[in-house]
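This is coords20.pdb (PDB, C-alpha atoms and all ligand atoms).
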```pdb
ATOM      1  CA  MET A   1     -35.393 -19.397 -18.071
ATOM      2  CA  LYS A   2     -32.850 -19.860 -15.286
ATOM      3  CA  ASN A   3     -31.864 -16.897 -13.129
ATOM      4  CA  LEU A   4     -28.675 -15.763 -14.847
ATOM      5  CA  PHE A   5     -27.744 -13.627 -11.858
ATOM      6  CA  SER A   6     -28.105 -16.398  -9.293
ATOM      7  CA  MET A   7     -25.091 -16.841  -7.005
ATOM      8  CA  GLN A   8     -26.613 -19.870  -5.289
ATOM      9  CA  ASP A   9     -23.910 -21.810  -3.424
ATOM     10  CA  LYS A  10     -21.104 -19.859  -5.076
ATOM     11  CA  VAL A  11     -18.287 -18.938  -2.716
ATOM     12  CA  VAL A  12     -17.195 -15.316  -3.068
ATOM     13  CA  VAL A  13     -14.258 -13.649  -1.301
ATOM     14  CA  VAL A  14     -14.761  -9.876  -0.998
ATOM     15  CA  THR A  15     -11.611  -8.010   0.060
ATOM     16  CA  GLY A  16     -12.446  -4.778   1.864
ATOM     17  CA  GLY A  17     -15.862  -6.321   2.542
ATOM     18  CA  SER A  18     -16.250  -4.277   5.733
ATOM     19  CA  GLY A  19     -16.005  -1.011   3.801
ATOM     20  CA  TYR A  20     -18.585   1.436   2.473
ATOM     21  CA  LEU A  21     -19.100  -0.237  -0.929
ATOM     22  CA  GLY A  22     -17.834  -3.668   0.143
ATOM     23  CA  ASN A  23     -20.554  -4.121   2.748
ATOM     24  CA  ALA A  24     -23.280  -3.368   0.180
ATOM     25  CA  MET A  25     -21.788  -5.965  -2.168
ATOM     26  CA  VAL A  26     -21.744  -8.557   0.585
ATOM     27  CA  SER A  27     -25.484  -7.976   1.098
ATOM     28  CA  GLY A  28     -26.229  -8.072  -2.635
ATOM     29  CA  LEU A  29     -24.259 -11.283  -3.201
ATOM     30  CA  MET A  30     -25.839 -12.988  -0.193
ATOM     31  CA  ALA A  31     -29.313 -11.986  -1.395
ATOM     32  CA  GLN A  32     -28.547 -14.008  -4.551
ATOM     33  CA  GLY A  33     -27.526 -17.050  -2.483
ATOM     34  CA  ALA A  34     -23.753 -16.620  -2.314
ATOM     35  CA  LYS A  35     -21.586 -17.775   0.541
ATOM     36  CA  VAL A  36     -19.477 -14.698   1.196
ATOM     37  CA  VAL A  37     -16.062 -14.483   2.806
ATOM     38  CA  VAL A  38     -15.508 -10.958   4.114
ATOM     39  CA  ALA A  39     -11.768 -10.233   4.088
ATOM     40  CA  ASP A  40     -10.819  -7.102   5.985
ATOM     41  CA  LEU A  41      -8.740  -5.715   8.826
ATOM     42  CA  VAL A  42     -11.825  -5.481  11.044
ATOM     43  CA  ASP A  43     -15.447  -6.671  10.988
ATOM     44  CA  ARG A  44     -17.562  -3.516  11.131
ATOM     45  CA  HIS A  45     -20.829  -5.308  10.354
ATOM     46  CA  ALA A  46     -20.746  -8.349  12.630
ATOM     47  CA  SER A  47     -24.468  -8.150  13.373
ATOM     48  CA  ARG A  48     -26.392  -7.862  10.113
ATOM     49  CA  GLU A  49     -30.076  -8.263   9.392
ATOM     50  CA  ASP A  50     -29.530  -9.897   5.999
ATOM     51  CA  ASP A  51     -27.307 -12.710   7.311
ATOM     52  CA  GLN A  52     -30.436 -14.881   7.209
ATOM     53  CA  TYR A  53     -30.212 -14.989   3.378
ATOM     54  CA  GLY A  54     -26.892 -16.749   3.057
ATOM     55  CA  GLU A  55     -23.672 -17.608   4.784
ATOM     56  CA  ARG A  56     -21.193 -14.930   5.753
ATOM     57  CA  PHE A  57     -17.727 -15.700   7.098
ATOM     58  CA  PHE A  58     -15.380 -12.968   8.303
ATOM     59  CA  VAL A  59     -11.610 -13.457   8.056
ATOM     60  CA  ALA A  60      -9.354 -10.835   9.618
ATOM     61  CA  CYS A  61      -6.398 -10.244   7.312
ATOM     62  CA  ASN A  62      -3.852  -7.668   6.212
ATOM     63  CA  LEU A  63      -3.887  -7.558   2.423
ATOM     64  CA  ALA A  64      -0.576  -5.721   2.384
ATOM     65  CA  GLU A  65       1.091  -9.038   3.309
ATOM     66  CA  THR A  66       1.289 -12.114   1.093
ATOM     67  CA  GLU A  67       1.306 -14.542   4.024
ATOM     68  CA  SER A  68      -1.918 -13.028   5.353
ATOM     69  CA  ILE A  69      -3.541 -13.373   1.898
ATOM     70  CA  ARG A  70      -2.454 -17.032   1.751
ATOM     71  CA  GLN A  71      -4.050 -17.682   5.135
ATOM     72  CA  LEU A  72      -7.232 -15.880   4.033
ATOM     73  CA  PHE A  73      -7.774 -18.155   1.021
ATOM     74  CA  GLN A  74      -6.818 -21.234   3.010
ATOM     75  CA  LYS A  75      -9.392 -20.379   5.695
ATOM     76  CA  ALA A  76     -12.044 -19.602   3.061
ATOM     77  CA  ALA A  77     -11.450 -22.938   1.290
ATOM     78  CA  GLU A  78     -11.431 -24.833   4.596
ATOM     79  CA  ARG A  79     -14.764 -23.262   5.570
ATOM     80  CA  PHE A  80     -16.608 -23.673   2.249
ATOM     81  CA  GLY A  81     -14.630 -26.355   0.381
ATOM     82  CA  HIS A  82     -13.761 -24.229  -2.626
ATOM     83  CA  ILE A  83     -13.697 -20.622  -3.940
ATOM     84  CA  ASP A  84     -15.533 -19.453  -7.094
ATOM     85  CA  VAL A  85     -15.190 -15.667  -7.161
ATOM     86  CA  LEU A  86     -12.702 -13.068  -5.912
ATOM     87  CA  VAL A  87     -13.778  -9.426  -5.614
ATOM     88  CA  ASN A  88     -10.683  -7.227  -5.187
ATOM     89  CA  CYS A  89     -12.308  -4.231  -3.502
ATOM     90  CA  ALA A  90      -9.839  -3.200  -0.775
ATOM     91  CA  THR A  91      -7.598  -0.211  -1.455
ATOM     92  CA  PHE A  92      -5.327   1.580   0.982
ATOM     93  CA  GLY A  93      -2.305   3.758   1.568
ATOM     94  CA  ALA A  94      -2.588   6.608  -0.959
ATOM     95  CA  SER A  95      -2.009  10.138   0.311
ATOM     96  CA  GLY A  96      -0.136  13.378  -0.326
ATOM     97  CA  SER A  97       0.557  15.852  -3.120
ATOM     98  CA  VAL A  98       2.963  15.300  -6.019
ATOM     99  CA  GLU A  99       5.253  18.049  -4.735
ATOM    100  CA  GLU A 100       5.660  16.553  -1.269
ATOM    101  CA  MET A 101       5.260  12.809  -1.790
ATOM    102  CA  SER A 102       8.259  10.679  -0.795
ATOM    103  CA  ASP A 103       9.321   7.652  -2.840
ATOM    104  CA  GLU A 104       8.055   5.434  -0.020
ATOM    105  CA  ALA A 105       4.654   7.167   0.113
ATOM    106  CA  TRP A 106       4.292   6.898  -3.662
ATOM    107  CA  ALA A 107       5.079   3.181  -3.633
ATOM    108  CA  LYS A 108       2.739   2.523  -0.697
ATOM    109  CA  GLY A 109      -0.275   4.100  -2.439
ATOM    110  CA  VAL A 110       0.334   2.343  -5.761
ATOM    111  CA  ASP A 111       0.827  -0.921  -3.903
ATOM    112  CA  GLY A 112      -2.399  -0.414  -1.932
ATOM    113  CA  ALA A 113      -4.330  -0.132  -5.202
ATOM    114  CA  VAL A 114      -2.682  -2.489  -7.680
ATOM    115  CA  GLY A 115      -0.108  -4.406  -5.606
ATOM    116  CA  THR A 116      -2.738  -5.992  -3.426
ATOM    117  CA  THR A 117      -4.898  -6.759  -6.478
ATOM    118  CA  PHE A 118      -1.893  -8.495  -8.043
ATOM    119  CA  ARG A 119      -1.047 -10.486  -4.886
ATOM    120  CA  CYS A 120      -4.634 -11.664  -4.358
ATOM    121  CA  THR A 121      -4.872 -12.627  -8.035
ATOM    122  CA  ARG A 122      -1.647 -14.637  -7.920
ATOM    123  CA  GLU A 123      -2.632 -16.438  -4.721
ATOM    124  CA  ILE A 124      -6.196 -17.302  -5.827
ATOM    125  CA  ILE A 125      -5.145 -19.002  -9.092
ATOM    126  CA  PRO A 126      -4.421 -22.458  -7.588
ATOM    127  CA  TYR A 127      -7.865 -22.449  -5.916
ATOM    128  CA  PHE A 128      -9.551 -21.631  -9.235
ATOM    129  CA  GLU A 129      -7.471 -24.264 -11.034
ATOM    130  CA  ALA A 130      -8.717 -26.817  -8.506
ATOM    131  CA  VAL A 131     -12.322 -26.232  -9.673
ATOM    132  CA  ASN A 132     -11.465 -25.671 -13.365
ATOM    133  CA  GLY A 133     -12.150 -21.937 -13.417
ATOM    134  CA  GLY A 134     -13.180 -18.831 -11.571
ATOM    135  CA  VAL A 135     -14.101 -15.174 -11.725
ATOM    136  CA  ILE A 136     -12.217 -12.068 -10.608
ATOM    137  CA  VAL A 137     -13.856  -8.641 -10.260
ATOM    138  CA  ASN A 138     -11.369  -5.829  -9.653
ATOM    139  CA  PHE A 139     -12.088  -2.304  -8.452
ATOM    140  CA  GLY A 140     -10.815   0.652 -10.461
ATOM    141  CA  SER A 141     -11.858   4.276 -10.038
ATOM    142  CA  MET A 142     -12.999   7.125 -12.262
ATOM    143  CA  TYR A 143      -9.619   8.627 -11.264
ATOM    144  CA  GLY A 144      -7.910   5.730 -12.989
ATOM    145  CA  VAL A 145      -9.687   6.907 -16.178
ATOM    146  CA  VAL A 146      -9.669  10.717 -15.916
ATOM    147  CA  SER A 147      -7.787  13.159 -13.696
ATOM    148  CA  PRO A 148      -9.324  14.731 -10.628
ATOM    149  CA  ASP A 149     -10.152  18.363 -11.425
ATOM    150  CA  PRO A 150      -8.195  20.279  -8.750
ATOM    151  CA  SER A 151     -10.637  23.205  -8.938
ATOM    152  CA  ILE A 152     -13.471  21.277  -7.253
ATOM    153  CA  TYR A 153     -11.645  20.512  -4.016
ATOM    154  CA  GLY A 154     -11.175  23.989  -2.508
ATOM    155  CA  GLU A 155     -10.587  23.718   1.233
ATOM    156  CA  SER A 156     -12.475  20.401   1.526
ATOM    157  CA  GLY A 157      -9.366  18.430   2.462
ATOM    158  CA  GLN A 158     -10.704  15.617   0.242
ATOM    159  CA  ASN A 159      -8.142  16.064  -2.565
ATOM    160  CA  ASN A 160      -7.379  12.880  -4.432
ATOM    161  CA  PRO A 161      -3.696  11.811  -4.374
ATOM    162  CA  ALA A 162      -1.662  11.078  -7.515
ATOM    163  CA  ASN A 163      -0.623   7.580  -6.458
ATOM    164  CA  TYR A 164      -4.278   6.560  -6.045
ATOM    165  CA  GLY A 165      -5.236   7.283  -9.671
ATOM    166  CA  ALA A 166      -1.964   5.865 -11.002
ATOM    167  CA  GLY A 167      -2.612   2.650  -9.075
ATOM    168  CA  LYS A 168      -6.223   2.485 -10.250
ATOM    169  CA  ALA A 169      -5.247   3.022 -13.904
ATOM    170  CA  ALA A 170      -2.867   0.110 -13.399
ATOM    171  CA  VAL A 171      -5.720  -2.008 -12.005
ATOM    172  CA  ILE A 172      -7.712  -1.430 -15.206
ATOM    173  CA  GLN A 173      -4.730  -2.461 -17.335
ATOM    174  CA  PHE A 174      -3.886  -5.406 -15.053
ATOM    175  CA  THR A 175      -7.497  -6.550 -15.503
ATOM    176  CA  ARG A 176      -7.034  -6.694 -19.288
ATOM    177  CA  TYR A 177      -3.679  -8.448 -18.966
ATOM    178  CA  CYS A 178      -5.067 -11.122 -16.664
ATOM    179  CA  ALA A 179      -8.197 -11.574 -18.814
ATOM    180  CA  GLY A 180      -5.915 -12.388 -21.735
ATOM    181  CA  HIS A 181      -3.485 -14.565 -19.816
ATOM    182  CA  LEU A 182      -5.853 -16.496 -17.542
ATOM    183  CA  ALA A 183      -8.591 -17.268 -20.096
ATOM    184  CA  ASN A 184      -6.867 -20.582 -20.831
ATOM    185  CA  LYS A 185      -7.556 -21.537 -17.203
ATOM    186  CA  ASN A 186     -11.248 -20.612 -17.624
ATOM    187  CA  ILE A 187     -10.796 -17.569 -15.376
ATOM    188  CA  ARG A 188     -12.744 -14.434 -16.312
ATOM    189  CA  VAL A 189     -11.300 -11.100 -15.117
ATOM    190  CA  ASN A 190     -13.215  -7.817 -15.228
ATOM    191  CA  CYS A 191     -13.185  -4.451 -13.507
ATOM    192  CA  VAL A 192     -15.867  -2.247 -11.953
ATOM    193  CA  THR A 193     -14.974   1.431 -11.979
ATOM    194  CA  PRO A 194     -16.962   3.526  -9.506
ATOM    195  CA  GLY A 195     -17.480   7.255  -9.834
ATOM    196  CA  PRO A 196     -18.337   9.450  -6.835
ATOM    197  CA  PHE A 197     -19.718   7.437  -3.906
ATOM    198  CA  PRO A 198     -18.710   9.707  -0.999
ATOM    199  CA  ASP A 199     -18.949   7.978   2.362
ATOM    200  CA  PRO A 200     -20.982  10.165   4.762
ATOM    201  CA  LYS A 201     -18.798   8.834   7.602
ATOM    202  CA  LYS A 202     -15.833  10.653   6.025
ATOM    203  CA  LEU A 203     -17.821  13.911   6.409
ATOM    204  CA  PRO A 204     -17.472  15.437   2.934
ATOM    205  CA  PRO A 205     -18.320  19.173   3.207
ATOM    206  CA  GLU A 206     -21.580  20.223   1.483
ATOM    207  CA  ALA A 207     -19.752  22.629  -0.864
ATOM    208  CA  PHE A 208     -17.603  19.736  -2.106
ATOM    209  CA  LEU A 209     -20.603  17.404  -2.475
ATOM    210  CA  LYS A 210     -22.240  20.066  -4.674
ATOM    211  CA  GLU A 211     -19.160  20.086  -6.902
ATOM    212  CA  LEU A 212     -19.249  16.273  -7.114
ATOM    213  CA  ARG A 213     -22.940  16.257  -8.077
ATOM    214  CA  ASN A 214     -22.369  18.860 -10.778
ATOM    215  CA  LYS A 215     -19.631  16.797 -12.414
ATOM    216  CA  THR A 216     -21.964  13.885 -13.109
ATOM    217  CA  MET A 217     -24.540  13.812 -15.906
ATOM    218  CA  LEU A 218     -27.191  12.605 -13.447
ATOM    219  CA  LYS A 219     -26.432  15.540 -11.103
ATOM    220  CA  ARG A 220     -26.093  13.394  -7.992
ATOM    221  CA  VAL A 221     -23.600  11.133  -6.253
ATOM    222  CA  GLY A 222     -23.957   7.348  -6.062
ATOM    223  CA  VAL A 223     -25.154   5.303  -3.086
ATOM    224  CA  PRO A 224     -23.605   1.889  -2.288
ATOM    225  CA  ASP A 225     -26.520  -0.220  -3.569
ATOM    226  CA  GLU A 226     -25.882   1.266  -7.019
ATOM    227  CA  ILE A 227     -22.553  -0.575  -7.340
ATOM    228  CA  VAL A 228     -24.044  -3.968  -6.483
ATOM    229  CA  GLY A 229     -25.692  -4.718  -9.836
ATOM    230  CA  ALA A 230     -22.443  -4.220 -11.743
ATOM    231  CA  VAL A 231     -20.558  -6.602  -9.447
ATOM    232  CA  LEU A 232     -23.376  -9.140  -9.541
ATOM    233  CA  TYR A 233     -23.423  -9.073 -13.329
ATOM    234  CA  LEU A 234     -19.673  -9.611 -13.671
ATOM    235  CA  ALA A 235     -19.529 -12.246 -10.900
ATOM    236  CA  SER A 236     -22.461 -14.311 -12.188
ATOM    237  CA  ASP A 237     -23.114 -16.506 -15.209
ATOM    238  CA  ALA A 238     -24.907 -13.506 -16.781
ATOM    239  CA  ALA A 239     -21.404 -12.350 -17.767
ATOM    240  CA  SER A 240     -20.133 -15.741 -18.982
ATOM    241  CA  PHE A 241     -18.931 -14.165 -22.284
ATOM    242  CA  THR A 242     -17.547 -10.992 -20.661
ATOM    243  CA  THR A 243     -13.855 -10.752 -19.825
ATOM    244  CA  GLY A 244     -11.326  -7.912 -19.903
ATOM    245  CA  ALA A 245     -14.112  -5.345 -19.523
ATOM    246  CA  ASN A 246     -14.169  -2.189 -17.433
ATOM    247  CA  LEU A 247     -17.738  -1.429 -16.330
ATOM    248  CA  ILE A 248     -17.949   2.227 -15.325
ATOM    249  CA  VAL A 249     -20.619   3.158 -12.763
ATOM    250  CA  ASP A 250     -20.202   6.905 -12.354
ATOM    251  CA  GLY A 251     -23.446   8.731 -13.183
ATOM    252  CA  GLY A 252     -21.783   9.780 -16.445
ATOM    253  CA  TRP A 253     -18.753  11.534 -14.844
ATOM    254  CA  THR A 254     -16.235  10.174 -17.380
ATOM    255  CA  ALA A 255     -18.569  10.305 -20.397
ATOM    256  CA  TRP A 256     -18.737  14.092 -20.944
TER     257      TRP A 256
HETATM  258  N1  LIG B 301     -16.294   5.381  -2.546
HETATM  259  C1  LIG B 301     -15.949   5.960  -3.699
HETATM  260  O1  LIG B 301     -16.357   7.080  -4.018
HETATM  261  C2  LIG B 301     -15.061   5.233  -4.683
HETATM  262  C3  LIG B 301     -14.804   5.843  -5.925
HETATM  263  C4  LIG B 301     -13.986   5.184  -6.826
HETATM  264  C5  LIG B 301     -13.442   3.961  -6.507
HETATM  265  N2  LIG B 301     -13.696   3.420  -5.287
HETATM  266  C6  LIG B 301     -13.082   2.123  -4.990
HETATM  267  O2  LIG B 301     -14.053   1.258  -4.482
HETATM  268  C7  LIG B 301     -13.467   0.387  -3.519
HETATM  269  C8  LIG B 301     -14.226   0.482  -2.208
HETATM  270  O3  LIG B 301     -14.244   1.827  -1.768
HETATM  271  P1  LIG B 301     -14.924   2.237  -0.386
HETATM  272  O4  LIG B 301     -15.395   3.633  -0.549
HETATM  273  O5  LIG B 301     -15.873   1.201   0.039
HETATM  274  O6  LIG B 301     -13.654   2.261   0.573
HETATM  275  P2  LIG B 301     -13.584   1.959   2.138
HETATM  276  O7  LIG B 301     -12.394   2.715   2.648
HETATM  277  O8  LIG B 301     -14.890   2.219   2.805
HETATM  278  O9  LIG B 301     -13.307   0.404   2.200
HETATM  279  C9  LIG B 301     -12.031  -0.139   2.046
HETATM  280  C10 LIG B 301     -11.923  -1.329   2.971
HETATM  281  O10 LIG B 301     -10.631  -1.911   2.809
HETATM  282  C11 LIG B 301     -10.178  -2.294   4.096
HETATM  283  N3  LIG B 301      -8.700  -2.323   4.136
HETATM  284  C12 LIG B 301      -7.853  -1.271   4.071
HETATM  285  N4  LIG B 301      -6.594  -1.695   4.177
HETATM  286  C13 LIG B 301      -6.645  -3.045   4.317
HETATM  287  C14 LIG B 301      -5.650  -4.037   4.479
HETATM  288  N5  LIG B 301      -4.332  -3.751   4.513
HETATM  289  N6  LIG B 301      -6.043  -5.322   4.603
HETATM  290  C15 LIG B 301      -7.371  -5.647   4.583
HETATM  291  N7  LIG B 301      -8.353  -4.735   4.406
HETATM  292  C16 LIG B 301      -7.991  -3.447   4.283
HETATM  293  C17 LIG B 301     -10.701  -1.218   5.029
HETATM  294  O11 LIG B 301     -10.722  -1.666   6.386
HETATM  295  C18 LIG B 301     -12.072  -0.946   4.460
HETATM  296  O12 LIG B 301     -13.073  -1.738   5.066
HETATM  297  C19 LIG B 301     -12.003   0.811  -3.400
HETATM  298  O13 LIG B 301     -11.215   0.008  -4.253
HETATM  299  C20 LIG B 301     -12.020   2.231  -3.904
HETATM  300  O14 LIG B 301     -10.790   2.646  -4.412
HETATM  301  C21 LIG B 301     -14.487   4.018  -4.370
END
```
What would the structure in this file look like if it were written as structure tokens?
Amino acid sequence: MKNLFSMQDKVVVVTGGSGYLGNAMVSGLMAQGAKVVVADLVDRHASREDDQYGERFFVACNLAETESIRQLFQKAAERFGHIDVLVNCATFGASGSVEEMSDEAWAKGVDGAVGTTFRCTREIIPYFEAVNGGVIVNFGSMYGVVSPDPSIYGESGQNNPANYGAGKAAVIQFTRYCAGHLANKNIRVNCVTPGPFPDPKKLPPEAFLKELRNKTMLKRVGVPDEIVGAVLYLASDAASFTTGANLIVDGGWTAW
């Protein structure tokens, strides 16, 4: 039987590919033979041991700007000839409490979650049409499915802003909309929804980590490699009959 999860010679653009989860996906996709375009503000992983497995091409871009997204896809297509998969992983701009958030701050956070996903989706369509189809994997969040429980944050300073979850809920709905409206172009659109994957570099306090662990059924937080399988499934031919789905990878957080 053929390897359903093979990404051999497929060209995948990963937005936010320099980030905590994005970098793990880049490794996982390359290990399956993909040619990966890392789209991010900066390249934090320029020297990587696993680059021997496949081709990796970094493109500096600002996903808040349509022109920058256009240049990203143009550069990716120039380098590899075509694009097969788009992983919309980058998110930015959400902060603040409901009581104190300005209209501008609200709009910036929602735009950083769903606006950029929309813009990248719109701009990739002609590239997918050129090869008679494609795959989009969006990134939601458990906080686009359930509310953060304010009682677990204490003095951690890691409180989750309202515009983040609102934007992520919109990503999950936008995924379903696009799955329905782009199927006639042979484009599959799905969403991966991570639960708690705290980045050690953001120094989450131990008391807060304990609260996070307790909220999951598995009583632990996730590590980046644990998101890779879900993305690989949705990006590969293994998911050829899957579209409009939201695959939740959260240790059971949202299933209680
Ligand atoms: N880590 C978690 O616990 C968790 C939980 C739920 C959902 N998620 C989602 O998973 C995805 C990845 O999360 P992460 O923890 O790896 O985040 P991260 O902050 O480590 O990575 C985000 C990346 O996006 C890049 N980026 C930000 N603004 C950009 C811009 N304007 N243009 C181009 N690139 C830009 C950053 O440089 C960074 O590399 C996000 O969509 C996030 O919302 C993460």
Legend entry - Which of A:Gln32, A:Ser151, A:Thr66, A:Ser18 sits closest to Leu4 in chain A [using only C-alpha atoms]: A:Gln32
Selection within 9 Å of ligand LIG 301 (chain B) by all atoms listed in the file, output as a PDB file with C-alpha atoms, in the coordinates of the input:
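Output (selection-v3.pdb):
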```
ATOM      1  CA  THR A  15     -11.611  -8.010   0.060  1.00  0.00           C
ATOM      2  CA  GLY A  16     -12.446  -4.778   1.864  1.00  0.00           C
ATOM      3  CA  GLY A  17     -15.862  -6.321   2.542  1.00  0.00           C
ATOM      4  CA  SER A  18     -16.250  -4.277   5.733  1.00  0.00           C
ATOM      5  CA  GLY A  19     -16.005  -1.011   3.801  1.00  0.00           C
ATOM      6  CA  TYR A  20     -18.585   1.436   2.473  1.00  0.00           C
ATOM      7  CA  LEU A  21     -19.100  -0.237  -0.929  1.00  0.00           C
ATOM      8  CA  GLY A  22     -17.834  -3.668   0.143  1.00  0.00           C
ATOM      9  CA  ASN A  23     -20.554  -4.121   2.748  1.00  0.00           C
ATOM     10  CA  ALA A  24     -23.280  -3.368   0.180  1.00  0.00           C
ATOM     11  CA  ALA A  39     -11.768 -10.233   4.088  1.00  0.00           C
ATOM     12  CA  ASP A  40     -10.819  -7.102   5.985  1.00  0.00           C
ATOM     13  CA  LEU A  41      -8.740  -5.715   8.826  1.00  0.00           C
ATOM     14  CA  VAL A  42     -11.825  -5.481  11.044  1.00  0.00           C
ATOM     15  CA  ASP A  43     -15.447  -6.671  10.988  1.00  0.00           C
ATOM     16  CA  ARG A  44     -17.562  -3.516  11.131  1.00  0.00           C
ATOM     17  CA  ALA A  60      -9.354 -10.835   9.618  1.00  0.00           C
ATOM     18  CA  CYS A  61      -6.398 -10.244   7.312  1.00  0.00           C
ATOM     19  CA  ASN A  62      -3.852  -7.668   6.212  1.00  0.00           C
ATOM     20  CA  LEU A  63      -3.887  -7.558   2.423  1.00  0.00           C
ATOM     21  CA  ALA A  64      -0.576  -5.721   2.384  1.00  0.00           C
ATOM     22  CA  GLU A  65       1.091  -9.038   3.309  1.00  0.00           C
ATOM     23  CA  SER A  68      -1.918 -13.028   5.353  1.00  0.00           C
ATOM     24  CA  ILE A  69      -3.541 -13.373   1.898  1.00  0.00           C
ATOM     25  CA  ASN A  88     -10.683  -7.227  -5.187  1.00  0.00           C
ATOM     26  CA  CYS A  89     -12.308  -4.231  -3.502  1.00  0.00           C
ATOM     27  CA  ALA A  90      -9.839  -3.200  -0.775  1.00  0.00           C
ATOM     28  CA  THR A  91      -7.598  -0.211  -1.455  1.00  0.00           C
ATOM     29  CA  PHE A  92      -5.327   1.580   0.982  1.00  0.00           C
ATOM     30  CA  GLY A  93      -2.305   3.758   1.568  1.00  0.00           C
ATOM     31  CA  GLY A 112      -2.399  -0.414  -1.932  1.00  0.00           C
ATOM     32  CA  ALA A 113      -4.330  -0.132  -5.202  1.00  0.00           C
ATOM     33  CA  THR A 116      -2.738  -5.992  -3.426  1.00  0.00           C
ATOM     34  CA  ASN A 138     -11.369  -5.829  -9.653  1.00  0.00           C
ATOM     35  CA  PHE A 139     -12.088  -2.304  -8.452  1.00  0.00           C
ATOM     36  CA  GLY A 140     -10.815   0.652 -10.461  1.00  0.00           C
ATOM     37  CA  SER A 141     -11.858   4.276 -10.038  1.00  0.00           C
ATOM     38  CA  MET A 142     -12.999   7.125 -12.262  1.00  0.00           C
ATOM     39  CA  TYR A 143      -9.619   8.627 -11.264  1.00  0.00           C
ATOM     40  CA  GLY A 144      -7.910   5.730 -12.989  1.00  0.00           C
ATOM     41  CA  TYR A 164      -4.278   6.560  -6.045  1.00  0.00           C
ATOM     42  CA  GLY A 165      -5.236   7.283  -9.671  1.00  0.00           C
ATOM     43  CA  LYS A 168      -6.223   2.485 -10.250  1.00  0.00           C
ATOM     44  CA  VAL A 192     -15.867  -2.247 -11.953  1.00  0.00           C
ATOM     45  CA  THR A 193     -14.974   1.431 -11.979  1.00  0.00           C
ATOM     46  CA  PRO A 194     -16.962   3.526  -9.506  1.00  0.00           C
ATOM     47  CA  GLY A 195     -17.480   7.255  -9.834  1.00  0.00           C
ATOM     48  CA  PRO A 196     -18.337   9.450  -6.835  1.00  0.00           C
ATOM     49  CA  PHE A 197     -19.718   7.437  -3.906  1.00  0.00           C
ATOM     50  CA  PRO A 198     -18.710   9.707  -0.999  1.00  0.00           C
ATOM     51  CA  ASP A 199     -18.949   7.978   2.362  1.00  0.00           C
ATOM     52  CA  VAL A 221     -23.600  11.133  -6.253  1.00  0.00           C
ATOM     53  CA  GLY A 222     -23.957   7.348  -6.062  1.00  0.00           C
ATOM     54  CA  VAL A 223     -25.154   5.303  -3.086  1.00  0.00           C
ATOM     55  CA  PRO A 224     -23.605   1.889  -2.288  1.00  0.00           C
ATOM     56  CA  ASP A 250     -20.202   6.905 -12.354  1.00  0.00           C
TER      57      ASP A 250
END
```
Inset, instruction - Give me, please, the distance in Å between CA of Ser156 in chain A and CA of Val114 in chain A, quoted to one decimal. - result: 26.5 Å
Legend entry - All residues 12 Å or closer to Ala130 in chain A, only C-alpha atoms, same chain fewer than 6 positions away omitted, as a PyMOL selection string: chain A and resi 77+81-84+124+185-187
With C-alpha atoms retained, write the just-selected residues as an mmCIF file, keeping the file's coordinate frame.
```cif
data_model
loop_
_atom_site.group_PDB
_atom_site.id
_atom_site.type_symbol
_atom_site.label_atom_id
_atom_site.label_comp_id
_atom_site.auth_asym_id
_atom_site.auth_seq_id
_atom_site.Cartn_x
_atom_site.Cartn_y
_atom_site.Cartn_z
ATOM 1 C CA ALA A 77 -11.450 -22.938 1.290
ATOM 2 C CA GLY A 81 -14.630 -26.355 0.381
ATOM 3 C CA HIS A 82 -13.761 -24.229 -2.626
ATOM 4 C CA ILE A 83 -13.697 -20.622 -3.940
ATOM 5 C CA ASP A 84 -15.533 -19.453 -7.094
ATOM 6 C CA ILE A 124 -6.196 -17.302 -5.827
ATOM 7 C CA LYS A 185 -7.556 -21.537 -17.203
ATOM 8 C CA ASN A 186 -11.248 -20.612 -17.624
ATOM 9 C CA ILE A 187 -10.796 -17.569 -15.376
#
```
Inset, instruction - Might you pull out every residue within 10 Å of Cys191 in chain A, with all atoms listed in the file counted and same-chain residues fewer than 2 positions away left off, and present them as a ChimeraX atom specification? - result: /A:87-88,136-141,171-176,189,193-194,230-231,234,243-248
Legend entry - Result set, the PyMOL selection byres (((chain A and resi 211-217) around 8) and not hetatm) on current file, as a count of residues only: 15
Inset, instruction - Can you work out which one of A:Leu203, A:Phe80, A:Val13, A:Ala34 has the shortest atom-to-atom distance to Thr121 in chain A, counting all atoms listed in the file? - result: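 Checking each of A:Leu203, A:Phe80, A:Val13, A:Ala34 against Thr121 in chain A, counting all atoms listed in the file, the winner is A:Val13.
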Inset, instruction - Quote the spacing between CA of Phe241 in chain A and CA of Asn190 in chain A in Å to one decimal place. - result: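 That distance, rounded to one decimal, is 11.1 Å.
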Inset, instruction - Would you write out, as a VMD selection string, every residue that the PyMOL selection byres (((chain A and resi 56) around 9) and not hetatm) captures in this file? - result: chain A and resid 26 30 34 to 38 51 54 to 55 57 to 58
Got time to write the residues from that selection, C-alpha atoms, as a PDB file, in the frame of the given file?
```
ATOM      1  CA  VAL A  26     -21.744  -8.557   0.585  1.00  0.00           C
ATOM      2  CA  MET A  30     -25.839 -12.988  -0.193  1.00  0.00           C
ATOM      3  CA  ALA A  34     -23.753 -16.620  -2.314  1.00  0.00           C
ATOM      4  CA  LYS A  35     -21.586 -17.775   0.541  1.00  0.00           C
ATOM      5  CA  VAL A  36     -19.477 -14.698   1.196  1.00  0.00           C
ATOM      6  CA  VAL A  37     -16.062 -14.483   2.806  1.00  0.00           C
ATOM      7  CA  VAL A  38     -15.508 -10.958   4.114  1.00  0.00           C
ATOM      8  CA  ASP A  51     -27.307 -12.710   7.311  1.00  0.00           C
ATOM      9  CA  GLY A  54     -26.892 -16.749   3.057  1.00  0.00           C
ATOM     10  CA  GLU A  55     -23.672 -17.608   4.784  1.00  0.00           C
ATOM     11  CA  PHE A  57     -17.727 -15.700   7.098  1.00  0.00           C
ATOM     12  CA  PHE A  58     -15.380 -12.968   8.303  1.00  0.00           C
TER      13      PHE A  58
END
```
